[in-house]
Amino acid sequence: MMMGSRIKMLVKAALPFMAMVMVEVIEVGFATISKAAMSKGMNNFVFVVYYNALGTAVLFPAFAYHSLRSKRPPITFSLLSRFFLLGLIGLCLSQASAFAGINYTSPTLAAAMANLIPVFTFVLAVILRMEKLDLRKVSSQAKSLGTVVAISGALIATLYKGPPLLMGRTSNVSHQLLSQHSKWLIGCLLLASSFLLLSIWNIIQAATAKEYPDELTIVFFYSFFGTIQSAFLSFLLVKNPIAWKLQKRVELIAVVYGALSVTVLRNVFITWCLRETGPVFVGMFKPLGIAIAVLMGFLFLGDTLYLGSMLGAAGIVLGFYAVIWGRARENNNSANESSSSVSSSDQKTTPLLQSIGS
């Protein structure tokens, strides 16, 4: 009996860990397979449209069932405008930039630069006065130093490619031409802009979720609006009708994989882990994506690993953990202050209650 309960406890403790490892595998796998599809000629704008359209179609039955079975708050025009903005920033613009950046660079660099999201979010929160910066506190010092280190790492990865550390199958003249034509630099800037947009999206989404606490409705509507916006942008930019045809099997696999694995499984895993463990635990697994991306890129894409990418990734990860540590320390301090204020108020009211009772 004791052994059975101990095994259940171990399994319960291990489930969030396994779920977050799966999330990183799914995300890096998606970046890897999308890179493979785009290297075969698939247009990145068309890819965003197809992947989001299929994902929205998969979400629709769950949304319809949820709308019929549950009493959700009414949707106002203001909320619809917010959903429209979430779709524009988080799906249309951010994903178009991200996939173009991956196409010019590598999934490994994309996984490394994704760690800039909490750094950008912190900077934006300070600029918008949503977060106070008190450099006398250790937590604020850690977040500020982490921001500087992470952005420095991103600059190193962008401006310094360096010698190859791990030679892939495709490490030939094409990589030299890629560097000469500055595609690596353009790809890094596109990735950075994508993660900056995602940081803005995180702030807007957090405010929207507080105002309208129905996650499935939010996800469905911003996916729906994002698909329409991506289609409109693609029709303007992609003039060749052949680009809309899925001519190779890897293109179809990438679209289906993205819609099912990322839209459904990834979101379910992250939502469950956020409820069970909190945002700090979820954020700690983001640097794991770098190691997974290096392995997948080398095995499946034949990518070459460069010194600049690894130095930059190391700086980004160090800065990431400094920002996360600073946030965790601030949360602990806030929790301790609130608990101490409650206990002190209890101590003050007890004699009064006792005197009334006597």
# chains A, B, ... in the order shown; residues from 1 in each chain; ligands from 1
>>> select_by_dssp(residues="segment 62-253 of chain A", states="helix (DSSP H, G or I)", output="VMD selection string")
chain A and resid 62 to 69 77 to 104 107 to 127 138 to 159 173 to 180 183 to 211 215 to 237 241 to 244 249 to 253
>>> residues_around(residues="segment 255-266 of chain A", least_positions_apart="3", cutoff="12 Å", atoms="only C-alpha atoms", output="mmCIF file with N, CA, C and O atoms, in the first residue's frame")
data_model
loop_
_atom_site.group_PDB
_atom_site.id
_atom_site.type_symbol
_atom_site.label_atom_id
_atom_site.label_comp_id
_atom_site.auth_asym_id
_atom_site.auth_seq_id
_atom_site.Cartn_x
_atom_site.Cartn_y
_atom_site.Cartn_z
ATOM 1 N N ALA A 19 5.660 16.666 -19.294
ATOM 2 C CA ALA A 19 4.820 17.487 -20.169
ATOM 3 C C ALA A 19 5.611 18.653 -20.750
ATOM 4 O O ALA A 19 5.499 18.962 -21.942
ATOM 5 N N MET A 20 6.440 19.308 -19.923
ATOM 6 C CA MET A 20 7.197 20.452 -20.413
ATOM 7 C C MET A 20 8.322 20.033 -21.364
ATOM 8 O O MET A 20 8.649 20.756 -22.308
ATOM 9 N N VAL A 21 8.909 18.858 -21.138
ATOM 10 C CA VAL A 21 9.890 18.330 -22.095
ATOM 11 C C VAL A 21 9.201 18.090 -23.441
ATOM 12 O O VAL A 21 9.742 18.411 -24.505
ATOM 13 N N MET A 22 7.978 17.539 -23.395
ATOM 14 C CA MET A 22 7.215 17.315 -24.625
ATOM 15 C C MET A 22 6.903 18.629 -25.332
ATOM 16 O O MET A 22 6.934 18.715 -26.562
ATOM 17 N N VAL A 23 6.596 19.683 -24.551
ATOM 18 C CA VAL A 23 6.313 20.992 -25.147
ATOM 19 C C VAL A 23 7.524 21.491 -25.930
ATOM 20 O O VAL A 23 7.397 21.969 -27.066
ATOM 21 N N GLU A 24 8.712 21.378 -25.329
ATOM 22 C CA GLU A 24 9.924 21.835 -26.014
ATOM 23 C C GLU A 24 10.209 20.995 -27.255
ATOM 24 O O GLU A 24 10.628 21.521 -28.291
ATOM 25 N N VAL A 25 9.983 19.687 -27.166
ATOM 26 C CA VAL A 25 10.182 18.814 -28.334
ATOM 27 C C VAL A 25 9.218 19.209 -29.446
ATOM 28 O O VAL A 25 9.598 19.287 -30.630
ATOM 29 N N ILE A 26 7.946 19.468 -29.081
ATOM 30 C CA ILE A 26 6.939 19.862 -30.070
ATOM 31 C C ILE A 26 7.324 21.180 -30.741
ATOM 32 O O ILE A 26 7.274 21.311 -31.975
ATOM 33 N N GLU A 27 7.716 22.169 -29.940
ATOM 34 C CA GLU A 27 8.034 23.489 -30.499
ATOM 35 C C GLU A 27 9.266 23.442 -31.406
ATOM 36 O O GLU A 27 9.260 23.999 -32.506
ATOM 37 N N VAL A 28 10.316 22.764 -30.930
ATOM 38 C CA VAL A 28 11.535 22.678 -31.747
ATOM 39 C C VAL A 28 11.284 21.794 -32.968
ATOM 40 O O VAL A 28 11.790 22.078 -34.066
ATOM 41 N N GLY A 29 10.511 20.725 -32.788
ATOM 42 C CA GLY A 29 10.158 19.880 -33.928
ATOM 43 C C GLY A 29 9.406 20.659 -34.985
ATOM 44 O O GLY A 29 9.624 20.478 -36.193
ATOM 45 N N PHE A 30 8.533 21.555 -34.526
ATOM 46 C CA PHE A 30 7.775 22.388 -35.462
ATOM 47 C C PHE A 30 8.705 23.332 -36.219
ATOM 48 O O PHE A 30 8.575 23.514 -37.440
ATOM 49 N N ALA A 31 9.650 23.949 -35.497
ATOM 50 C CA ALA A 31 10.612 24.836 -36.159
ATOM 51 C C ALA A 31 11.466 24.064 -37.156
ATOM 52 O O ALA A 31 11.769 24.553 -38.259
ATOM 53 N N THR A 32 11.848 22.833 -36.796
ATOM 54 C CA THR A 32 12.695 22.029 -37.673
ATOM 55 C C THR A 32 11.964 21.605 -38.937
ATOM 56 O O THR A 32 12.486 21.730 -40.051
ATOM 57 N N ILE A 33 10.726 21.126 -38.771
ATOM 58 C CA ILE A 33 9.984 20.645 -39.943
ATOM 59 C C ILE A 33 9.529 21.802 -40.824
ATOM 60 O O ILE A 33 9.451 21.675 -42.052
ATOM 61 N N SER A 34 9.263 22.966 -40.208
ATOM 62 C CA SER A 34 8.915 24.136 -41.021
ATOM 63 C C SER A 34 10.123 24.610 -41.820
ATOM 64 O O SER A 34 9.989 25.027 -42.972
ATOM 65 N N LYS A 35 11.317 24.539 -41.211
ATOM 66 C CA LYS A 35 12.549 24.882 -41.938
ATOM 67 C C LYS A 35 12.745 23.932 -43.119
ATOM 68 O O LYS A 35 13.110 24.366 -44.226
ATOM 69 N N ALA A 36 12.488 22.635 -42.898
ATOM 70 C CA ALA A 36 12.617 21.659 -43.981
ATOM 71 C C ALA A 36 11.628 21.943 -45.103
ATOM 72 O O ALA A 36 11.976 21.858 -46.292
ATOM 73 N N ALA A 37 10.384 22.305 -44.742
ATOM 74 C CA ALA A 37 9.364 22.593 -45.758
ATOM 75 C C ALA A 37 9.716 23.852 -46.543
ATOM 76 O O ALA A 37 9.584 23.886 -47.780
ATOM 77 N N MET A 38 10.188 24.889 -45.848
ATOM 78 C CA MET A 38 10.532 26.137 -46.546
ATOM 79 C C MET A 38 11.782 25.980 -47.403
ATOM 80 O O MET A 38 11.920 26.631 -48.439
ATOM 81 N N MET A 42 8.468 25.977 -49.895
ATOM 82 C CA MET A 42 7.191 26.440 -49.373
ATOM 83 C C MET A 42 7.306 27.889 -48.904
ATOM 84 O O MET A 42 8.229 28.250 -48.181
ATOM 85 N N ASN A 43 6.358 28.720 -49.316
ATOM 86 C CA ASN A 43 6.357 30.127 -48.929
ATOM 87 C C ASN A 43 5.970 30.261 -47.456
ATOM 88 O O ASN A 43 4.997 29.653 -47.003
ATOM 89 N N ASN A 44 6.719 31.071 -46.689
ATOM 90 C CA ASN A 44 6.468 31.171 -45.254
ATOM 91 C C ASN A 44 5.131 31.853 -44.935
ATOM 92 O O ASN A 44 4.470 31.516 -43.951
ATOM 93 N N VAL A 46 2.359 31.657 -46.850
ATOM 94 C CA VAL A 46 1.343 30.636 -47.136
ATOM 95 C C VAL A 46 1.307 29.596 -46.029
ATOM 96 O O VAL A 46 0.237 29.133 -45.620
ATOM 97 N N PHE A 47 2.473 29.243 -45.521
ATOM 98 C CA PHE A 47 2.558 28.265 -44.443
ATOM 99 C C PHE A 47 1.808 28.752 -43.199
ATOM 100 O O PHE A 47 1.073 27.993 -42.561
ATOM 101 N N VAL A 48 1.958 30.028 -42.854
ATOM 102 C CA VAL A 48 1.270 30.597 -41.698
ATOM 103 C C VAL A 48 -0.248 30.517 -41.885
ATOM 104 O O VAL A 48 -0.990 30.186 -40.948
ATOM 105 N N VAL A 49 -0.718 30.801 -43.105
ATOM 106 C CA VAL A 49 -2.157 30.761 -43.377
ATOM 107 C C VAL A 49 -2.702 29.340 -43.213
ATOM 108 O O VAL A 49 -3.691 29.114 -42.499
ATOM 109 N N TYR A 50 -2.061 28.364 -43.854
ATOM 110 C CA TYR A 50 -2.564 26.992 -43.823
ATOM 111 C C TYR A 50 -2.519 26.391 -42.417
ATOM 112 O O TYR A 50 -3.459 25.749 -41.969
ATOM 113 N N TYR A 51 -1.427 26.648 -41.718
ATOM 114 C CA TYR A 51 -1.267 26.087 -40.375
ATOM 115 C C TYR A 51 -2.306 26.653 -39.411
ATOM 116 O O TYR A 51 -2.940 25.928 -38.637
ATOM 117 N N ASN A 52 -2.545 27.964 -39.480
ATOM 118 C CA ASN A 52 -3.529 28.582 -38.594
ATOM 119 C C ASN A 52 -4.955 28.244 -38.989
ATOM 120 O O ASN A 52 -5.825 28.093 -38.130
ATOM 121 N N ALA A 53 -5.217 28.133 -40.294
ATOM 122 C CA ALA A 53 -6.557 27.785 -40.755
ATOM 123 C C ALA A 53 -6.947 26.386 -40.281
ATOM 124 O O ALA A 53 -8.064 26.172 -39.776
ATOM 125 N N LEU A 54 -6.040 25.422 -40.422
ATOM 126 C CA LEU A 54 -6.326 24.071 -39.965
ATOM 127 C C LEU A 54 -6.452 24.020 -38.446
ATOM 128 O O LEU A 54 -7.327 23.327 -37.904
ATOM 129 N N GLY A 55 -5.598 24.749 -37.748
ATOM 130 C CA GLY A 55 -5.674 24.798 -36.289
ATOM 131 C C GLY A 55 -6.991 25.383 -35.810
ATOM 132 O O GLY A 55 -7.596 24.885 -34.846
ATOM 133 N N THR A 56 -7.457 26.440 -36.469
ATOM 134 C CA THR A 56 -8.750 27.039 -36.112
ATOM 135 C C THR A 56 -9.891 26.068 -36.380
ATOM 136 O O THR A 56 -10.846 25.973 -35.583
ATOM 137 N N ALA A 57 -9.811 25.332 -37.494
ATOM 138 C CA ALA A 57 -10.838 24.340 -37.807
ATOM 139 C C ALA A 57 -10.866 23.223 -36.763
ATOM 140 O O ALA A 57 -11.937 22.725 -36.392
ATOM 141 N N VAL A 58 -9.696 22.833 -36.269
ATOM 142 C CA VAL A 58 -9.633 21.806 -35.227
ATOM 143 C C VAL A 58 -10.225 22.333 -33.914
ATOM 144 O O VAL A 58 -10.892 21.593 -33.177
ATOM 145 N N LEU A 59 -9.999 23.614 -33.621
ATOM 146 C CA LEU A 59 -10.512 24.211 -32.378
ATOM 147 C C LEU A 59 -12.020 24.447 -32.415
ATOM 148 O O LEU A 59 -12.660 24.494 -31.350
ATOM 149 N N PHE A 60 -12.603 24.612 -33.612
ATOM 150 C CA PHE A 60 -14.003 25.021 -33.708
ATOM 151 C C PHE A 60 -14.980 24.060 -33.021
ATOM 152 O O PHE A 60 -15.872 24.528 -32.287
ATOM 153 N N ALA A 62 -14.562 22.086 -30.455
ATOM 154 C CA ALA A 62 -14.417 22.247 -29.003
ATOM 155 C C ALA A 62 -15.008 23.583 -28.551
ATOM 156 O O ALA A 62 -15.665 23.662 -27.501
ATOM 157 N N LEU A 91 -0.224 36.190 -34.123
ATOM 158 C CA LEU A 91 -0.247 35.185 -35.186
ATOM 159 C C LEU A 91 0.231 35.742 -36.515
ATOM 160 O O LEU A 91 1.232 35.282 -37.059
ATOM 161 N N GLN A 95 4.281 35.372 -36.410
ATOM 162 C CA GLN A 95 4.621 34.110 -37.048
ATOM 163 C C GLN A 95 5.232 34.312 -38.428
ATOM 164 O O GLN A 95 6.134 33.565 -38.823
ATOM 165 N N LEU A 216 -10.541 29.114 -23.803
ATOM 166 C CA LEU A 216 -10.867 28.500 -25.091
ATOM 167 C C LEU A 216 -11.465 29.524 -26.050
ATOM 168 O O LEU A 216 -11.129 29.548 -27.247
ATOM 169 N N VAL A 219 -8.601 31.846 -27.278
ATOM 170 C CA VAL A 219 -7.721 31.166 -28.233
ATOM 171 C C VAL A 219 -8.412 31.007 -29.584
ATOM 172 O O VAL A 219 -7.811 31.242 -30.637
ATOM 173 N N PHE A 220 -9.702 30.603 -29.564
ATOM 174 C CA PHE A 220 -10.408 30.400 -30.826
ATOM 175 C C PHE A 220 -10.521 31.697 -31.615
ATOM 176 O O PHE A 220 -10.239 31.730 -32.822
ATOM 177 N N SER A 223 -7.201 33.016 -32.955
ATOM 178 C CA SER A 223 -6.762 32.137 -34.051
ATOM 179 C C SER A 223 -7.570 32.412 -35.310
ATOM 180 O O SER A 223 -7.022 32.464 -36.425
ATOM 181 N N THR A 227 -5.922 34.039 -38.647
ATOM 182 C CA THR A 227 -5.957 33.326 -39.929
ATOM 183 C C THR A 227 -6.424 34.248 -41.049
ATOM 184 O O THR A 227 -5.830 34.286 -42.139
ATOM 185 N N LEU A 246 0.402 22.810 -52.192
ATOM 186 C CA LEU A 246 1.295 21.970 -51.391
ATOM 187 C C LEU A 246 1.796 20.855 -52.297
ATOM 188 O O LEU A 246 1.134 19.837 -52.501
ATOM 189 N N LYS A 248 4.862 19.164 -52.166
ATOM 190 C CA LYS A 248 5.696 18.102 -51.603
ATOM 191 C C LYS A 248 5.101 17.604 -50.298
ATOM 192 O O LYS A 248 4.394 18.330 -49.597
ATOM 193 N N ARG A 249 5.405 16.346 -49.982
ATOM 194 C CA ARG A 249 4.820 15.736 -48.799
ATOM 195 C C ARG A 249 5.241 16.444 -47.512
ATOM 196 O O ARG A 249 4.456 16.573 -46.573
ATOM 197 N N VAL A 250 6.488 16.939 -47.450
ATOM 198 C CA VAL A 250 6.974 17.593 -46.240
ATOM 199 C C VAL A 250 6.177 18.868 -45.944
ATOM 200 O O VAL A 250 6.000 19.241 -44.774
ATOM 201 N N GLU A 251 5.656 19.527 -46.985
ATOM 202 C CA GLU A 251 4.849 20.723 -46.769
ATOM 203 C C GLU A 251 3.531 20.381 -46.094
ATOM 204 O O GLU A 251 3.105 21.063 -45.154
ATOM 205 N N LEU A 252 2.880 19.322 -46.554
ATOM 206 C CA LEU A 252 1.623 18.879 -45.934
ATOM 207 C C LEU A 252 1.862 18.408 -44.500
ATOM 208 O O LEU A 252 1.077 18.722 -43.589
ATOM 209 N N PHE A 269 -0.895 21.124 -22.856
ATOM 210 C CA PHE A 269 0.186 20.833 -21.903
ATOM 211 C C PHE A 269 0.573 22.086 -21.106
ATOM 212 O O PHE A 269 0.728 22.033 -19.885
ATOM 213 N N ILE A 270 0.736 23.211 -21.808
ATOM 214 C CA ILE A 270 1.158 24.438 -21.135
ATOM 215 C C ILE A 270 0.078 24.917 -20.158
ATOM 216 O O ILE A 270 0.378 25.319 -19.029
ATOM 217 N N THR A 271 -1.190 24.875 -20.583
ATOM 218 C CA THR A 271 -2.283 25.301 -19.699
ATOM 219 C C THR A 271 -2.333 24.441 -18.447
ATOM 220 O O THR A 271 -2.496 24.946 -17.331
ATOM 221 N N TRP A 272 -2.176 23.134 -18.625
ATOM 222 C CA TRP A 272 -2.210 22.221 -17.462
ATOM 223 C C TRP A 272 -1.018 22.474 -16.535
ATOM 224 O O TRP A 272 -1.179 22.528 -15.314
ATOM 225 N N CYS A 273 0.157 22.652 -17.104
ATOM 226 C CA CYS A 273 1.346 22.887 -16.278
ATOM 227 C C CYS A 273 1.281 24.231 -15.559
ATOM 228 O O CYS A 273 1.727 24.349 -14.412
#
>>> atom_distance(atom1="atom CA of Thr105 of chain A", atom2="atom CA of Ile151 of chain A")
18.0 Å
>>> residues_around(residues="Val123 of chain A", least_positions_apart="2", cutoff="12 Å", atoms="only C-alpha atoms", output="number ranges by chain")
A: 116-121, 125-133, 140, 143-148, 150-151, 196, 199-200, 203, 323
>>> atom_distance(atom1="atom CA of Ala142 of chain A", atom2="atom CA of Asn332 of chain A")
14.7 Å
>>> residues_around(residues="Thr108 of chain A", least_positions_apart="4", cutoff="6 Å", atoms="only C-alpha atoms", output="list in words")
Ile290, Ala293 and Val294 of chain A
>>> atom_distance(atom1="atom CA of Tyr306 of chain A", atom2="atom CA of Leu198 of chain A")
26.3 Å
>>> closest_residue(among="A:Thr208, A:Ser70, A:Asn103, A:Ser97", to="Ser39 of chain A", atoms="only C-alpha atoms")
A:Asn103
>>> closest_residue(among="A:Ala313, A:Leu197, A:Leu236, A:Leu288", to="Gly90 of chain A", atoms="only C-alpha atoms")
A:Leu197
>>> residues_around(residues="segment 80-85 of chain A", least_positions_apart="5", cutoff="12 Å", atoms="only C-alpha atoms", output="PyMOL selection string")
chain A and resi 74-75+90-94+197+200-209+211-212+215+217-230
>>> select_by_dssp(residues="segment 106-341 of chain A", states="strand (DSSP E)", output="list of chain:residue names")
A:Pro164, A:Leu165, A:Leu166, A:Leu305, A:Tyr306
>>> write_last_selection(atoms="all heavy atoms", output="short mmCIF file (atom, residue, chain, number, x, y, z; two decimals), in the first residue's frame")
data_model
loop_
_atom_site.label_atom_id
_atom_site.label_comp_id
_atom_site.auth_asym_id
_atom_site.auth_seq_id
_atom_site.Cartn_x
_atom_site.Cartn_y
_atom_site.Cartn_z
N PRO A 164 32.82 27.20 -37.52
CA PRO A 164 31.90 26.09 -37.25
C PRO A 164 32.45 25.18 -36.15
O PRO A 164 33.65 24.86 -36.12
CB PRO A 164 31.83 25.36 -38.59
CG PRO A 164 33.08 25.72 -39.31
CD PRO A 164 33.44 27.10 -38.85
N LEU A 165 31.55 24.77 -35.25
CA LEU A 165 31.92 23.83 -34.19
C LEU A 165 31.49 22.41 -34.51
O LEU A 165 32.15 21.46 -34.14
CB LEU A 165 31.26 24.26 -32.86
CG LEU A 165 31.65 25.63 -32.30
CD1 LEU A 165 30.87 25.91 -31.03
CD2 LEU A 165 33.15 25.68 -32.02
N LEU A 166 30.34 22.30 -35.19
CA LEU A 166 29.80 20.98 -35.53
C LEU A 166 29.37 21.03 -36.98
O LEU A 166 28.44 21.75 -37.34
CB LEU A 166 28.61 20.66 -34.61
CG LEU A 166 28.12 19.22 -34.55
CD1 LEU A 166 29.19 18.30 -34.00
CD2 LEU A 166 26.86 19.13 -33.69
N LEU A 305 26.71 23.97 -36.66
CA LEU A 305 26.65 24.75 -35.42
C LEU A 305 27.85 25.68 -35.36
O LEU A 305 28.99 25.23 -35.45
CB LEU A 305 26.65 23.81 -34.21
CG LEU A 305 26.47 24.46 -32.84
CD1 LEU A 305 25.10 25.12 -32.74
CD2 LEU A 305 26.64 23.43 -31.74
N TYR A 306 27.60 26.99 -35.21
CA TYR A 306 28.67 27.99 -35.21
C TYR A 306 28.96 28.51 -33.81
O TYR A 306 28.08 28.51 -32.93
CB TYR A 306 28.30 29.15 -36.13
CG TYR A 306 28.28 28.78 -37.60
CD1 TYR A 306 27.11 28.37 -38.20
CD2 TYR A 306 29.45 28.83 -38.36
CE1 TYR A 306 27.09 28.01 -39.54
CE2 TYR A 306 29.43 28.49 -39.70
CZ TYR A 306 28.26 28.07 -40.28
OH TYR A 306 28.24 27.72 -41.62
#
